[in-house]
Amino acid sequence: MSTRRTFFRQTAAVATGALTLPQFLPETFASPISTADSGLKSAAQWAQDEDFWSWVKSEYTVSPTLLNLNNGGVCPQPKVVQDAHIRFYQYCNEAPSYYMWRILDQGRESLREKLADLGGCSPEEIAINRNATEGLNTVIFGLNLKAGDEVVLTKQDYPNMLNAWKQREKRDGIKLVFLDLELPSEDDKYLTEQYVKAFTPRTKVVHITHMINWIGQVMPVRKIADEAHKRGIEVIADGAHSFALFDFKIPDLGADYYATSLHKWLCAPFGSGMLYIKQNKIRNVWALLSNNEPDGPDIRKFESLGTRSFASEMAIGTAVDFHNSIGSARKFARAHYLKNYWMERVKDLPGVKIHTSLKPEFAGAVGLFSIDGMKTSEVDGQLLNKYKIHTTGIDWENIHGVRVTPHVYHSPKDLDRLVTAITQMSEKQALAGKQKKS
């Protein structure tokens with residue numbers, strides 16, 4: 001195996017394309033995987049190669065005391081991305097209007113190509129923005145819908161998206177048709193049928209969350225999309241939690257529209273996102289913010305954001321490089337391995353209930369659990385206050401429990417700490433139950 005600093009030496013500012021700024025560029029990094037070694041093991045085997053993942057962990061600056069298991073909210077950036085962001089920021093401050101608008105702004109096109117390559121689509125279908133909420137709102141408010149048109153969605157979709165649709169309902173008189181899914185599910189047929197049953201001749205759009213953030217449920221987007229397209233229904237996919245976590249290409253989903261937050265699993269700077277629109281659909285979506293051709297066919301019409309953080313945007317390229325040094329298949333395999341590692345060790349404990357599938361086709365890195373007799377807030381609070389483990393409590397519709405989201409910088413040893421905490425809470429609750437009965 002090659003040394004850690006001899007392979008994959010790329011500049012962190014590769015997103016700037018032909019621009020060469022040697023006095024400014026951050027340090028490079030190198031993956032310990034050599035091109036000769038990379039194909040010797042399957043992704044599942046790499047998932048348990050602790051030497052490799054110890055290198056990955058060393059590239060992060062996460063707290064050694066607080067165990068952060070809420071990466072589903074926002075992910076930390078590896079040091080090389082932080083360095084790129086800081087150096088771009090310092091560079092901009094030398095002469096903001098010159099270096100931002102005349103120099104760094106030129107890097108957007110090569111960055112667009114880099115993201116399109118990772119997403120498996122055309123650069124002409126990618127707009128760079130600030131988060132999934134902005135991207136999805138662009139589509140939700142940009143589609144030509146009229147009173148009486150129906151949109152199918154679920155109560156388990158993300159609140160920001162539900163509120164956007166409710167605003168269109170209130171403003172334009174469209175009709176929202178809500179599904180109430182029973183989750184978790186390992187039945188694609190059941191999930192697909194719920195949507196199909198709701199489709200009518202008036203249905204114009206179906207909104208699907210690729211991975212439901214509350215519980216980690218992976219939805220059969222392609223199967224639902226195929227059924228929708230048979231009926232002339234357009235498909236929006238919320239990919240906030242799937243891009244750079246799952247090993248897939250955006251067109252595989254069959255969606256017409258897709259948006260994601262790059263500050264989640266790609267580990268790009270906070271406040272960076274991406275919108276995908278199938279090229280022949282771009283003209284049909286009005287730009288959310290002002291543009292000289294808001295109904296034109298150019299994907300760039302969705303990037304009229306005014307002054308933005310060019311430093312954050314340009315450092316996205318470094319995040320893509322770091323992601324590629326791990327590899328999409330290895331990354332998902334590791335994330336799923338870590339999720340199952342802790343879940344398999346607590347699922348049979350007294351009173352502990354697991355609310356996420358253990359199968360990779362139905363779940364990613366997110367796992368939800370609960371303990372009988374304890375409120376969600378009590379479990380979440382004890383994990384933080386007693387064990388210094390940061391998770392997030394979920395009480396949304398029919399989903400109740402504590403969400404645990406490890407990342408590639410975690411080790412099984414880190415998760416042993418979580419297992420110990422859940423075990424002790426379970427034992428304490430079981431003992432209290434026995435004492436109550438006696």
# chains A, B, ... in the order shown; residues from 1 in each chain; ligands from 1
call {"tool": "select_by_dssp", "arguments": {"residues": "region 32-183 of chain A", "states": "alpha helix (DSSP H)", "output": "JSON, numbers by chain"}}
result
{"A": [43, 44, 45, 46, 50, 51, 52, 53, 54, 55, 56, 57, 58, 79, 80, 81, 82, 83, 84, 85, 86, 87, 88, 89, 90, 91, 92, 96, 97, 98, 108, 109, 110, 111, 112, 113, 114, 115, 116, 117, 118, 119, 132, 133, 134, 135, 136, 137, 138, 139, 140, 141, 142, 159, 160, 161, 162, 163, 164, 165, 166, 167, 168, 169, 170, 171, 172]}
call {"tool": "closest_atom_pairs", "arguments": {"of": "region 82-193 of chain A", "to": "region 226-248 of chain A", "cutoff": "10 Å", "atoms": "only C-alpha atoms", "output": "tab-separated table"}}
result
residue	atom	partner	partner_atom	distance
A:Leu118	CA	A:Ala244	CA	8.3
A:Gly119	CA	A:Phe248	CA	7.7
A:Gly120	CA	A:Phe248	CA	8.3
A:Asn131	CA	A:Ala240	CA	8.1
A:Ala132	CA	A:Ala240	CA	5.6
A:Thr133	CA	A:Ala240	CA	8.3
A:Gly135	CA	A:Asp238	CA	9.2
A:Leu136	CA	A:Asp238	CA	7.2
A:Val139	CA	A:Ile236	CA	8.1
A:Ile140	CA	A:Ile236	CA	8.7
A:Glu150	CA	A:Ile233	CA	9.9
A:Val151	CA	A:Ile233	CA	9.3
A:Val152	CA	A:Val235	CA	9.9
A:Leu153	CA	A:Ile236	CA	9.9
A:Asp157	CA	A:Asp238	CA	8.7
A:Tyr158	CA	A:Asp238	CA	8.6
A:Met161	CA	A:Asp238	CA	8.8
A:Thr192	CA	A:Glu227	CA	8.4
A:Glu193	CA	A:Glu227	CA	9.4
call {"tool": "write_last_selection", "arguments": {"atoms": "N, CA and C atoms", "output": "mmCIF file, in the first residue's frame"}}
result
data_model
loop_
_atom_site.group_PDB
_atom_site.id
_atom_site.type_symbol
_atom_site.label_atom_id
_atom_site.label_comp_id
_atom_site.auth_asym_id
_atom_site.auth_seq_id
_atom_site.Cartn_x
_atom_site.Cartn_y
_atom_site.Cartn_z
ATOM 1 N N LEU A 118 -19.699 13.866 -10.735
ATOM 2 C CA LEU A 118 -20.055 13.068 -9.564
ATOM 3 C C LEU A 118 -21.523 12.642 -9.622
ATOM 4 N N GLY A 119 -22.374 13.532 -10.136
ATOM 5 C CA GLY A 119 -23.802 13.235 -10.209
ATOM 6 C C GLY A 119 -24.197 12.433 -11.435
ATOM 7 N N GLY A 120 -23.276 12.250 -12.381
ATOM 8 C CA GLY A 120 -23.572 11.458 -13.566
ATOM 9 C C GLY A 120 -24.532 12.116 -14.532
ATOM 10 N N ASN A 131 -28.401 25.365 -0.568
ATOM 11 C CA ASN A 131 -28.893 24.203 0.175
ATOM 12 C C ASN A 131 -30.064 23.561 -0.562
ATOM 13 N N ALA A 132 -30.480 22.408 -0.060
ATOM 14 C CA ALA A 132 -31.595 21.687 -0.677
ATOM 15 C C ALA A 132 -32.897 22.477 -0.566
ATOM 16 N N THR A 133 -33.100 23.166 0.537
ATOM 17 C CA THR A 133 -34.318 23.957 0.706
ATOM 18 C C THR A 133 -34.435 25.002 -0.386
ATOM 19 N N GLY A 135 -32.967 24.946 -3.370
ATOM 20 C CA GLY A 135 -33.157 24.273 -4.646
ATOM 21 C C GLY A 135 -34.580 23.789 -4.837
ATOM 22 N N LEU A 136 -35.131 23.164 -3.816
ATOM 23 C CA LEU A 136 -36.491 22.625 -3.920
ATOM 24 C C LEU A 136 -37.533 23.736 -3.959
ATOM 25 N N VAL A 139 -37.920 25.033 -7.460
ATOM 26 C CA VAL A 139 -38.801 24.228 -8.308
ATOM 27 C C VAL A 139 -40.262 24.366 -7.876
ATOM 28 N N ILE A 140 -40.500 24.261 -6.576
ATOM 29 C CA ILE A 140 -41.877 24.311 -6.064
ATOM 30 C C ILE A 140 -42.575 25.607 -6.469
ATOM 31 N N GLU A 150 -53.176 18.958 -8.680
ATOM 32 C CA GLU A 150 -52.871 18.187 -7.479
ATOM 33 C C GLU A 150 -51.384 17.839 -7.381
ATOM 34 N N VAL A 151 -50.893 17.838 -6.157
ATOM 35 C CA VAL A 151 -49.516 17.441 -5.849
ATOM 36 C C VAL A 151 -49.584 16.352 -4.789
ATOM 37 N N VAL A 152 -48.911 15.233 -5.040
ATOM 38 C CA VAL A 152 -48.881 14.127 -4.082
ATOM 39 C C VAL A 152 -47.580 14.181 -3.293
ATOM 40 N N LEU A 153 -47.680 14.115 -1.985
ATOM 41 C CA LEU A 153 -46.524 14.135 -1.090
ATOM 42 C C LEU A 153 -46.890 13.375 0.172
ATOM 43 N N ASP A 157 -42.427 13.906 4.743
ATOM 44 C CA ASP A 157 -41.456 14.728 4.024
ATOM 45 C C ASP A 157 -40.948 15.846 4.926
ATOM 46 N N TYR A 158 -39.909 16.536 4.467
ATOM 47 C CA TYR A 158 -39.247 17.551 5.291
ATOM 48 C C TYR A 158 -40.139 18.783 5.474
ATOM 49 N N MET A 161 -40.197 21.756 3.019
ATOM 50 C CA MET A 161 -40.822 21.475 1.731
ATOM 51 C C MET A 161 -42.340 21.438 1.861
ATOM 52 N N THR A 192 -44.498 2.080 -3.253
ATOM 53 C CA THR A 192 -44.873 2.579 -4.584
ATOM 54 C C THR A 192 -46.380 2.656 -4.732
ATOM 55 N N GLU A 193 -47.074 1.639 -4.260
ATOM 56 C CA GLU A 193 -48.534 1.598 -4.408
ATOM 57 C C GLU A 193 -49.231 2.746 -3.675
#
call {"tool": "residues_around", "arguments": {"residues": "region 272-282 of chain A", "least_positions_apart": "4", "cutoff": "9 Å", "atoms": "only C-alpha atoms", "output": "CSV table (one decimal) with N, CA, C and O atoms, in the first residue's frame"}}
result
chain,number,residue,atom,x,y,z
A,115,LEU,N,-19.1,18.7,-10.3
A,115,LEU,CA,-20.4,18.2,-9.6
A,115,LEU,C,-21.2,17.3,-10.6
A,115,LEU,O,-21.7,16.3,-10.2
A,121,CYS,N,-24.5,13.4,-14.6
A,121,CYS,CA,-25.4,14.2,-15.5
A,121,CYS,C,-24.6,15.2,-16.3
A,121,CYS,O,-23.4,15.4,-16.2
A,122,SER,N,-25.3,16.0,-17.1
A,122,SER,CA,-24.7,17.1,-17.9
A,122,SER,C,-24.5,18.3,-17.0
A,122,SER,O,-25.3,18.6,-16.1
A,124,GLU,N,-24.9,21.1,-17.9
A,124,GLU,CA,-26.0,22.1,-18.2
A,124,GLU,C,-27.3,21.8,-17.4
A,124,GLU,O,-28.3,22.4,-17.7
A,125,GLU,N,-27.2,20.8,-16.5
A,125,GLU,CA,-28.3,20.4,-15.7
A,125,GLU,C,-28.1,20.7,-14.2
A,125,GLU,O,-28.9,20.4,-13.4
A,126,ILE,N,-27.0,21.4,-13.9
A,126,ILE,CA,-26.6,21.6,-12.5
A,126,ILE,C,-26.5,23.1,-12.2
A,126,ILE,O,-25.8,23.9,-12.9
A,127,ALA,N,-27.2,23.5,-11.2
A,127,ALA,CA,-27.1,24.9,-10.7
A,127,ALA,C,-26.5,24.8,-9.3
A,127,ALA,O,-26.9,24.0,-8.5
A,128,ILE,N,-25.6,25.7,-9.0
A,128,ILE,CA,-24.9,25.7,-7.6
A,128,ILE,C,-25.6,26.8,-6.8
A,128,ILE,O,-25.7,27.9,-7.2
A,129,ASN,N,-26.1,26.3,-5.6
A,129,ASN,CA,-26.8,27.3,-4.7
A,129,ASN,C,-26.3,27.0,-3.3
A,129,ASN,O,-25.2,26.6,-3.0
A,130,ARG,N,-27.3,27.2,-2.3
A,130,ARG,CA,-26.9,27.2,-0.9
A,130,ARG,C,-27.4,26.1,-0.1
A,130,ARG,O,-26.8,25.8,0.9
A,131,ASN,N,-28.4,25.4,-0.6
A,131,ASN,CA,-28.9,24.2,0.2
A,131,ASN,C,-30.1,23.6,-0.6
A,131,ASN,O,-30.6,24.1,-1.5
A,132,ALA,N,-30.5,22.4,-0.1
A,132,ALA,CA,-31.6,21.7,-0.7
A,132,ALA,C,-32.9,22.5,-0.6
A,132,ALA,O,-33.7,22.5,-1.5
A,133,THR,N,-33.1,23.2,0.5
A,133,THR,CA,-34.3,24.0,0.7
A,133,THR,C,-34.4,25.0,-0.4
A,133,THR,O,-35.5,25.2,-1.0
A,134,GLU,N,-33.3,25.7,-0.7
A,134,GLU,CA,-33.4,26.7,-1.7
A,134,GLU,C,-33.6,26.1,-3.1
A,134,GLU,O,-34.4,26.6,-3.9
A,135,GLY,N,-33.0,24.9,-3.4
A,135,GLY,CA,-33.2,24.3,-4.6
A,135,GLY,C,-34.6,23.8,-4.8
A,135,GLY,O,-35.2,24.0,-5.9
A,136,LEU,N,-35.1,23.2,-3.8
A,136,LEU,CA,-36.5,22.6,-3.9
A,136,LEU,C,-37.5,23.7,-4.0
A,136,LEU,O,-38.5,23.6,-4.7
A,138,THR,N,-37.0,26.6,-5.3
A,138,THR,CA,-36.9,27.1,-6.7
A,138,THR,C,-37.9,26.4,-7.6
A,138,THR,O,-38.6,26.9,-8.4
A,139,VAL,N,-37.9,25.0,-7.5
A,139,VAL,CA,-38.8,24.2,-8.3
A,139,VAL,C,-40.3,24.4,-7.9
A,139,VAL,O,-41.2,24.6,-8.7
A,240,ALA,N,-31.6,15.7,-0.1
A,240,ALA,CA,-30.8,16.4,0.9
A,240,ALA,C,-29.9,15.4,1.6
A,240,ALA,O,-28.8,15.7,2.0
A,250,ILE,N,-27.6,10.7,-10.4
A,250,ILE,CA,-28.9,11.3,-10.3
A,250,ILE,C,-29.9,10.9,-11.4
A,250,ILE,O,-31.0,10.6,-11.0
A,251,PRO,N,-29.5,10.7,-12.6
A,251,PRO,CA,-30.5,10.2,-13.6
A,251,PRO,C,-31.0,8.8,-13.3
A,251,PRO,O,-32.1,8.5,-13.8
A,255,ALA,N,-36.0,11.2,-11.8
A,255,ALA,CA,-36.6,12.4,-11.4
A,255,ALA,C,-36.4,13.5,-12.4
A,255,ALA,O,-35.3,13.5,-13.1
A,256,ASP,N,-37.3,14.4,-12.5
A,256,ASP,CA,-37.2,15.6,-13.4
A,256,ASP,C,-36.4,16.7,-12.7
A,256,ASP,O,-35.7,17.5,-13.3
A,257,TYR,N,-36.5,16.7,-11.3
A,257,TYR,CA,-35.9,17.7,-10.5
A,257,TYR,C,-35.3,17.1,-9.2
A,257,TYR,O,-36.0,16.2,-8.7
A,258,TYR,N,-34.2,17.6,-8.8
A,258,TYR,CA,-33.5,17.0,-7.7
A,258,TYR,C,-32.6,18.1,-7.0
A,258,TYR,O,-32.0,18.9,-7.7
A,259,ALA,N,-32.7,18.1,-5.7
A,259,ALA,CA,-31.8,19.1,-5.0
A,259,ALA,C,-31.2,18.5,-3.8
A,259,ALA,O,-31.8,17.6,-3.2
A,260,THR,N,-30.0,19.0,-3.4
A,260,THR,CA,-29.3,18.5,-2.3
A,260,THR,C,-28.5,19.6,-1.5
A,260,THR,O,-28.3,20.6,-2.1
A,261,SER,N,-28.2,19.3,-0.3
A,261,SER,CA,-27.3,20.1,0.5
A,261,SER,C,-25.9,19.5,0.4
A,261,SER,O,-25.7,18.4,0.9
A,262,LEU,N,-24.9,20.2,-0.1
A,262,LEU,CA,-23.6,19.7,-0.2
A,262,LEU,C,-22.9,19.7,1.2
A,262,LEU,O,-21.8,19.1,1.3
A,263,HIS,N,-23.4,20.5,2.1
A,263,HIS,CA,-22.8,20.5,3.5
A,263,HIS,C,-23.2,19.3,4.3
A,263,HIS,O,-22.9,19.3,5.5
A,268,ALA,N,-19.0,19.5,2.3
A,268,ALA,CA,-18.6,20.8,1.7
A,268,ALA,C,-18.9,21.9,2.7
A,268,ALA,O,-19.5,21.7,3.8
A,286,TRP,N,-39.7,28.7,-13.6
A,286,TRP,CA,-39.3,30.2,-13.4
A,286,TRP,C,-38.2,30.3,-12.4
A,286,TRP,O,-38.2,29.6,-11.4
A,295,ASP,N,-37.6,32.7,-17.6
A,295,ASP,CA,-38.2,31.5,-18.2
A,295,ASP,C,-37.4,30.9,-19.3
A,295,ASP,O,-37.9,30.2,-20.2
A,296,GLY,N,-36.1,31.2,-19.3
A,296,GLY,CA,-35.2,30.7,-20.3
A,296,GLY,C,-34.7,29.3,-20.1
A,296,GLY,O,-35.0,28.7,-19.1
A,297,PRO,N,-33.9,28.8,-21.1
A,297,PRO,CA,-33.5,27.4,-21.0
A,297,PRO,C,-32.1,27.1,-20.3
A,297,PRO,O,-31.6,26.0,-20.3
A,298,ASP,N,-31.5,28.2,-19.8
A,298,ASP,CA,-30.1,28.1,-19.3
A,298,ASP,C,-30.2,27.8,-17.8
A,298,ASP,O,-30.8,28.6,-17.0
A,299,ILE,N,-29.6,26.8,-17.3
A,299,ILE,CA,-29.6,26.4,-15.9
A,299,ILE,C,-29.0,27.5,-15.0
A,299,ILE,O,-29.3,27.6,-13.8
A,302,PHE,N,-30.8,30.1,-12.4
A,302,PHE,CA,-31.1,29.8,-11.0
A,302,PHE,C,-29.9,30.2,-10.1
A,302,PHE,O,-30.0,29.9,-8.9
A,312,SER,N,-17.0,29.8,0.1
A,312,SER,CA,-17.7,28.5,0.4
A,312,SER,C,-17.9,27.7,-0.9
A,312,SER,O,-17.7,26.5,-1.0
A,313,GLU,N,-18.3,28.5,-1.9
A,313,GLU,CA,-18.6,27.8,-3.2
A,313,GLU,C,-17.4,27.2,-3.8
A,313,GLU,O,-17.4,26.0,-4.3
A,316,ILE,N,-16.1,23.8,-2.5
A,316,ILE,CA,-16.8,22.6,-2.8
A,316,ILE,C,-16.0,21.7,-3.6
A,316,ILE,O,-16.0,20.5,-3.5
call {"tool": "atom_distance", "arguments": {"atom1": "CA of Tyr89 (chain A)", "atom2": "CA of Leu111 (chain A)"}}
result
17.1 Å
call {"tool": "select_by_dssp", "arguments": {"residues": "region 191-384 of chain A", "states": "strand (DSSP E)", "output": "PyMOL selection string"}}
result
chain A and resi 203-209+211-212+217-218+234-238+257-261+273-277+352-354+367-371
